[in-house]
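What follows is a short report on a single structure.
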Amino acid sequence: MSTATETPVADALCARFEGVTPRPISKDSAVTVPASKLLEVAKALRDEYGFEILTCVSGVDWLGELPRFGVYYHFHSLSHKSYFCVYADCQGDDNPSIPSLTGLYPSADWHERETFDMYGIRFDGHKDLRRILMWDKYPYHPLRKEFPLAGLETELPAPDIAEETKAKVLPAPEQGGPFIAQVGPAHMSDREPSGLDQSWSEKRLKP
Amino acid sequence: MALTKKEMTLGDVALRSAEAESELSGDRMILNAGPSHPMTHGVLRLVMELDGDTITKCDPVLGYLHRGSEKIAENFTYNQFVPYTDRLDYIASPANNVAYAIAIEKLAGLEVPERCQAIRVLACELARLASHLVGVGVYGMDAGALTVFMYAYTLREKILSLIEALTGARLTTSYTRIGGVARDIPEGFLGHVSKALNDTLFDIDEIDKLLTRNKIFVDRTEGVGTISREDALAYGLSGANLRASGVDTDLRRDNPYSGYEKYNFEVPIGTKGDCYDRYLIRLEEMRQSVAILRQVIDTMPEGLWYNEEAKKIFAPRKREVLTSMESLIQNFMLTTQGPQMPAGEAYFEAENPKGALGFFVVSKGGGVPYRLRVRGPSFSSLSILPKIAPGHLFPDMTVILGSLDFIMGECDR
């Protein structure tokens, strides 16, 4: 803890670990860490620099760049009243993976499950890596950049109910889903009679 | 030999139940509560494994209120996302608005004038009062004290009227803009707040009298759902739940934002971290909120309620759009492309009623965030359930859930 009060944590980490670089784009104090050093850095942050809380884990998808996926970790130190951000690129682009921090910070458990759910990033060493917000058999990872905002058509989680009701998850209209506009039973276009309109039928009563 | 009811002694009853217990032991029951259950205050589903009445395992199932706010944020401009922040912690919308605005201002490097800061503190603390009143009221109802709920909701109604006078809406306020607030405080508003605060203190005392020394309430909450200091830190708890476990922290005091450093207030700290402590903390925080509000009213600075430099972010007024060419162009650009932000990354956490609400923005420039992460405090508060629930009786679960004061809107996002 003594070093942390003297020099900024980012400088100390960069000097101490090989491959750790400062992250000037960030407005907070932040470093980029290779995935292989992530556990060591997190352990040092917790035990030596007094960052007791892992507040936030956010995945990110840099579509079109390599490596494609990355994860941000935000640490909070109550004793130093400061925040610290660690960014790590994931290994592998088709099946991205990164070491899990659940062994060090139990709060990473649900955050990592959510990141897995939303981006499909695997956290090596996570004991219970299930989806958390979407249902277990959901086929997509919705926060990936190629996933459309309106969603994609999928089966509902309960097959027996879906079979009986023929219900499905449908995308929103502007993304190719059906745009269902109900006209009537009482609509002004029906009630407005026109003298030229002779198309009355049994279905369409005389106004 | 069958015993008649009269002949059965207490010993016989005990013997019988002991026999029945040995027959039943080893059988665990899976009990599903929710997603729509009065205990869970929203759409949380708990899959619990019970041994008799004792919980042996608890697995919360989330996602029933997942609306994809983070995906929406990546497709909307910075200004367009403000109404979506209302729907995170929908009981304390103004506080969410402020947290979001400060996060984006941090990214853009904007400072807001003192008056704007004071107005934001005012909105935040009103929101805290409203939220804690619901928290305490519903918590009392969970423990069987329905009257407290009525008192709390009556008082909340007065607070909501104030919020309505300030923002124009009771729940979905959308009050802040990036670099300011939507409009100045209305005339005579501070007087109304001041008057309402006197009633507020009185009503808080009523709730205090009804619950704090209520034998039933204390019996049900004391020593139940104890969270140790270490666990609270490890699971990332924040706000009142963390303070109840004896951690002396408050972002308003330790990492002051929006001018909180100008106001004097005390931070209540719990000793045991049980459900009763969490109730006491919330009650005391309401009194501190009243103290902060009084200081805000007394020291409300004069000036603008938005940053002059942020004019490129604010939509111009309607009459200016109709008369001035520049304003028309600006309005057009804001609507079609959004306010232009520099590239960068910024993380900001605000002390919301439910805990530390964090916004993490990644910008590659332009009017739309590349990535916006919402760190919901309720998400972290609930993640401790599988740890603390085992060993408690099933009826204790109601109290534990009530004491954690979570809200599914920001848990599922």
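For the structure tokens, the naming scheme is as follows: chains receive sequential letters (A, B, ...) according to their order of presentation, residues are indexed from 1 within each chain, and ligands are indexed from 1 in presentation order.
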* Taking only C-alpha atoms into account, report as a list in words which residues of chain B lie within 6 Å of chain A. => Leu62, Gly63, Lys71, Leu233, Ala234, Tyr235, Gly236, Gly344, Glu345 and Ala346 of chain B
* To do: For Tyr151 of chain B, work out the shell of residues within 8 Å, counting only C-alpha atoms and skipping chain neighbours fewer than 2 positions away, then give it as a list in words.
  => Gly137, Thr147, Val148, Phe149, Tyr153, Thr154, Leu155, Asp203, Glu206 and Ile207 of chain B
* To do: Mind listing the strand (DSSP E) residues of segment 4-203 of chain A, per DSSP on the backbone, as a PyMOL selection string?
  => chain A and resi 21-22+30-33+53-61+69-77+82-89+97-99+122-124
Once you have the residues from the selection above, write them out as a compact mmCIF listing (two decimals), in the first residue's frame, restricted to N, CA, C and O atoms.
# COMPACT_ATOMS: atom_id res chain seq x y z
N THR A 21 0.79 -1.36 -20.23
CA THR A 21 1.02 -0.02 -20.77
C THR A 21 -0.07 0.93 -20.28
O THR A 21 -1.18 0.50 -20.03
N PRO A 22 0.26 2.21 -20.14
CA PRO A 22 -0.79 3.16 -19.74
C PRO A 22 -1.83 3.33 -20.85
O PRO A 22 -1.57 3.00 -22.01
N ALA A 30 -5.81 4.43 -15.86
CA ALA A 30 -6.11 3.16 -16.50
C ALA A 30 -4.87 2.56 -17.13
O ALA A 30 -3.95 3.28 -17.51
N VAL A 31 -4.85 1.24 -17.25
CA VAL A 31 -3.77 0.55 -17.94
C VAL A 31 -4.35 -0.52 -18.86
O VAL A 31 -5.45 -1.00 -18.65
N THR A 32 -3.55 -0.84 -19.91
CA THR A 32 -3.87 -1.99 -20.74
C THR A 32 -2.98 -3.14 -20.30
O THR A 32 -1.78 -2.95 -20.12
N VAL A 33 -3.59 -4.29 -20.13
CA VAL A 33 -2.87 -5.43 -19.57
C VAL A 33 -3.02 -6.60 -20.53
O VAL A 33 -4.12 -6.83 -21.04
N ILE A 53 -12.74 -3.35 -4.08
CA ILE A 53 -13.98 -3.68 -4.77
C ILE A 53 -13.76 -3.71 -6.28
O ILE A 53 -13.14 -2.82 -6.85
N LEU A 54 -14.27 -4.77 -6.90
CA LEU A 54 -14.37 -4.79 -8.36
C LEU A 54 -15.78 -4.35 -8.68
O LEU A 54 -16.73 -5.10 -8.46
N THR A 55 -15.95 -3.11 -9.12
CA THR A 55 -17.31 -2.60 -9.25
C THR A 55 -17.96 -3.02 -10.56
O THR A 55 -19.14 -3.26 -10.59
N CYS A 56 -17.17 -3.08 -11.62
CA CYS A 56 -17.82 -3.21 -12.92
C CYS A 56 -16.94 -4.00 -13.88
O CYS A 56 -15.74 -3.81 -13.92
N VAL A 57 -17.55 -4.89 -14.61
CA VAL A 57 -16.86 -5.60 -15.70
C VAL A 57 -17.65 -5.33 -16.96
O VAL A 57 -18.84 -5.60 -17.01
N SER A 58 -17.00 -4.73 -17.97
CA SER A 58 -17.72 -4.43 -19.20
C SER A 58 -16.99 -5.03 -20.38
O SER A 58 -15.82 -4.76 -20.57
N GLY A 59 -17.69 -5.83 -21.13
CA GLY A 59 -17.13 -6.34 -22.37
C GLY A 59 -17.22 -5.29 -23.45
O GLY A 59 -17.96 -4.31 -23.32
N VAL A 60 -16.44 -5.45 -24.51
CA VAL A 60 -16.55 -4.52 -25.63
C VAL A 60 -16.22 -5.28 -26.91
O VAL A 60 -15.44 -6.23 -26.90
N ASP A 61 -16.88 -4.90 -27.99
CA ASP A 61 -16.71 -5.58 -29.28
C ASP A 61 -16.18 -4.56 -30.28
O ASP A 61 -16.90 -3.66 -30.69
N PHE A 69 -12.44 -8.71 -29.34
CA PHE A 69 -13.13 -8.49 -28.07
C PHE A 69 -12.17 -8.05 -26.97
O PHE A 69 -10.99 -8.41 -26.99
N GLY A 70 -12.69 -7.29 -26.06
CA GLY A 70 -11.90 -6.86 -24.91
C GLY A 70 -12.80 -6.74 -23.70
O GLY A 70 -14.02 -6.74 -23.81
N VAL A 71 -12.17 -6.67 -22.53
CA VAL A 71 -12.94 -6.53 -21.30
C VAL A 71 -12.32 -5.42 -20.45
O VAL A 71 -11.10 -5.33 -20.31
N TYR A 72 -13.17 -4.54 -19.94
CA TYR A 72 -12.74 -3.49 -19.01
C TYR A 72 -13.10 -3.92 -17.59
O TYR A 72 -14.20 -4.42 -17.35
N TYR A 73 -12.17 -3.71 -16.68
CA TYR A 73 -12.46 -3.97 -15.27
C TYR A 73 -12.30 -2.66 -14.52
O TYR A 73 -11.28 -1.98 -14.68
N HIS A 74 -13.28 -2.31 -13.73
CA HIS A 74 -13.17 -1.09 -12.93
C HIS A 74 -13.05 -1.46 -11.46
O HIS A 74 -13.91 -2.17 -10.92
N PHE A 75 -11.98 -0.99 -10.85
CA PHE A 75 -11.74 -1.27 -9.44
C PHE A 75 -11.98 0.00 -8.65
O PHE A 75 -11.74 1.11 -9.14
N HIS A 76 -12.42 -0.19 -7.40
CA HIS A 76 -12.69 0.95 -6.54
C HIS A 76 -11.93 0.74 -5.23
O HIS A 76 -12.00 -0.34 -4.66
N SER A 77 -11.20 1.74 -4.83
CA SER A 77 -10.50 1.66 -3.56
C SER A 77 -11.16 2.60 -2.58
O SER A 77 -11.21 3.81 -2.80
N SER A 82 -10.36 6.16 -4.75
CA SER A 82 -10.08 6.33 -6.17
C SER A 82 -10.55 5.12 -6.96
O SER A 82 -10.82 4.05 -6.41
N TYR A 83 -10.63 5.33 -8.27
CA TYR A 83 -11.02 4.28 -9.19
C TYR A 83 -9.83 3.92 -10.06
O TYR A 83 -8.94 4.74 -10.26
N PHE A 84 -9.86 2.72 -10.56
CA PHE A 84 -8.79 2.30 -11.46
C PHE A 84 -9.39 1.38 -12.51
O PHE A 84 -10.23 0.54 -12.22
N CYS A 85 -8.96 1.59 -13.75
CA CYS A 85 -9.52 0.81 -14.85
C CYS A 85 -8.42 -0.06 -15.46
O CYS A 85 -7.30 0.39 -15.68
N VAL A 86 -8.75 -1.31 -15.71
CA VAL A 86 -7.83 -2.23 -16.37
C VAL A 86 -8.51 -2.74 -17.62
O VAL A 86 -9.66 -3.20 -17.56
N TYR A 87 -7.83 -2.61 -18.76
CA TYR A 87 -8.39 -3.14 -20.00
C TYR A 87 -7.54 -4.32 -20.47
O TYR A 87 -6.31 -4.26 -20.41
N ALA A 88 -8.19 -5.38 -20.91
CA ALA A 88 -7.46 -6.53 -21.44
C ALA A 88 -8.12 -7.02 -22.70
O ALA A 88 -9.36 -7.12 -22.76
N ASP A 89 -7.30 -7.30 -23.73
CA ASP A 89 -7.83 -7.89 -24.95
C ASP A 89 -8.09 -9.37 -24.72
O ASP A 89 -7.34 -10.04 -24.00
N SER A 97 -11.66 -15.68 -25.22
CA SER A 97 -11.58 -16.11 -23.82
C SER A 97 -10.60 -15.23 -23.08
O SER A 97 -9.72 -14.59 -23.65
N ILE A 98 -10.78 -15.21 -21.76
CA ILE A 98 -9.97 -14.37 -20.88
C ILE A 98 -10.02 -15.02 -19.49
O ILE A 98 -11.01 -15.67 -19.16
N PRO A 99 -8.96 -14.89 -18.68
CA PRO A 99 -9.02 -15.50 -17.36
C PRO A 99 -10.11 -14.87 -16.50
O PRO A 99 -10.40 -13.68 -16.61
N ARG A 122 -15.65 -16.19 -23.15
CA ARG A 122 -15.52 -17.24 -22.13
C ARG A 122 -14.53 -16.80 -21.07
O ARG A 122 -13.46 -16.28 -21.39
N PHE A 123 -14.89 -17.00 -19.82
CA PHE A 123 -14.00 -16.65 -18.72
C PHE A 123 -13.41 -17.94 -18.16
O PHE A 123 -14.10 -18.71 -17.51
N ASP A 124 -12.14 -18.19 -18.47
CA ASP A 124 -11.50 -19.43 -18.03
C ASP A 124 -11.39 -19.44 -16.52
O ASP A 124 -10.84 -18.51 -15.93
* Where does DSSP see alpha helix (DSSP H) in segment 75-228 of chain B, if you list the residues as JSON, numbers by chain? -> {"B": [75, 82, 83, 84, 85, 86, 93, 94, 95, 96, 97, 98, 99, 100, 101, 102, 103, 104, 105, 106, 107, 108, 114, 115, 116, 117, 118, 119, 120, 121, 122, 123, 124, 125, 126, 127, 128, 129, 130, 131, 132, 133, 134, 135, 136, 137, 138, 139, 140, 141, 142, 146, 147, 148, 149, 150, 151, 152, 153, 154, 155, 156, 157, 158, 159, 160, 161, 162, 163, 164, 165, 166, 167, 189, 190, 191, 192, 193, 194, 195, 196, 197, 198, 199, 200, 201, 202, 203, 204, 205, 206, 207, 208, 209, 210, 211, 215, 216, 217, 218, 219, 220, 221]}
* Asked: If you measure from atom CA of Ser403 of chain B to atom CA of Cys275 of chain B, what distance in Å do you get, rounded to one decimal?
  -> 5.5 Å
* Length of the atom CA of Ala123 of chain B to atom CA of Gly68 of chain B vector [Å] -> 26.4 Å
* Structure fact -> Computed gap from atom CA of Asp89 of chain B to atom CA of Gly144 of chain B is 25.0 Å
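With distances restricted to only C-alpha atoms, B:Asn352 is the closest residue to Ser378 of chain B from B:Thr323, B:Gln117, B:Asn352, B:Thr56.
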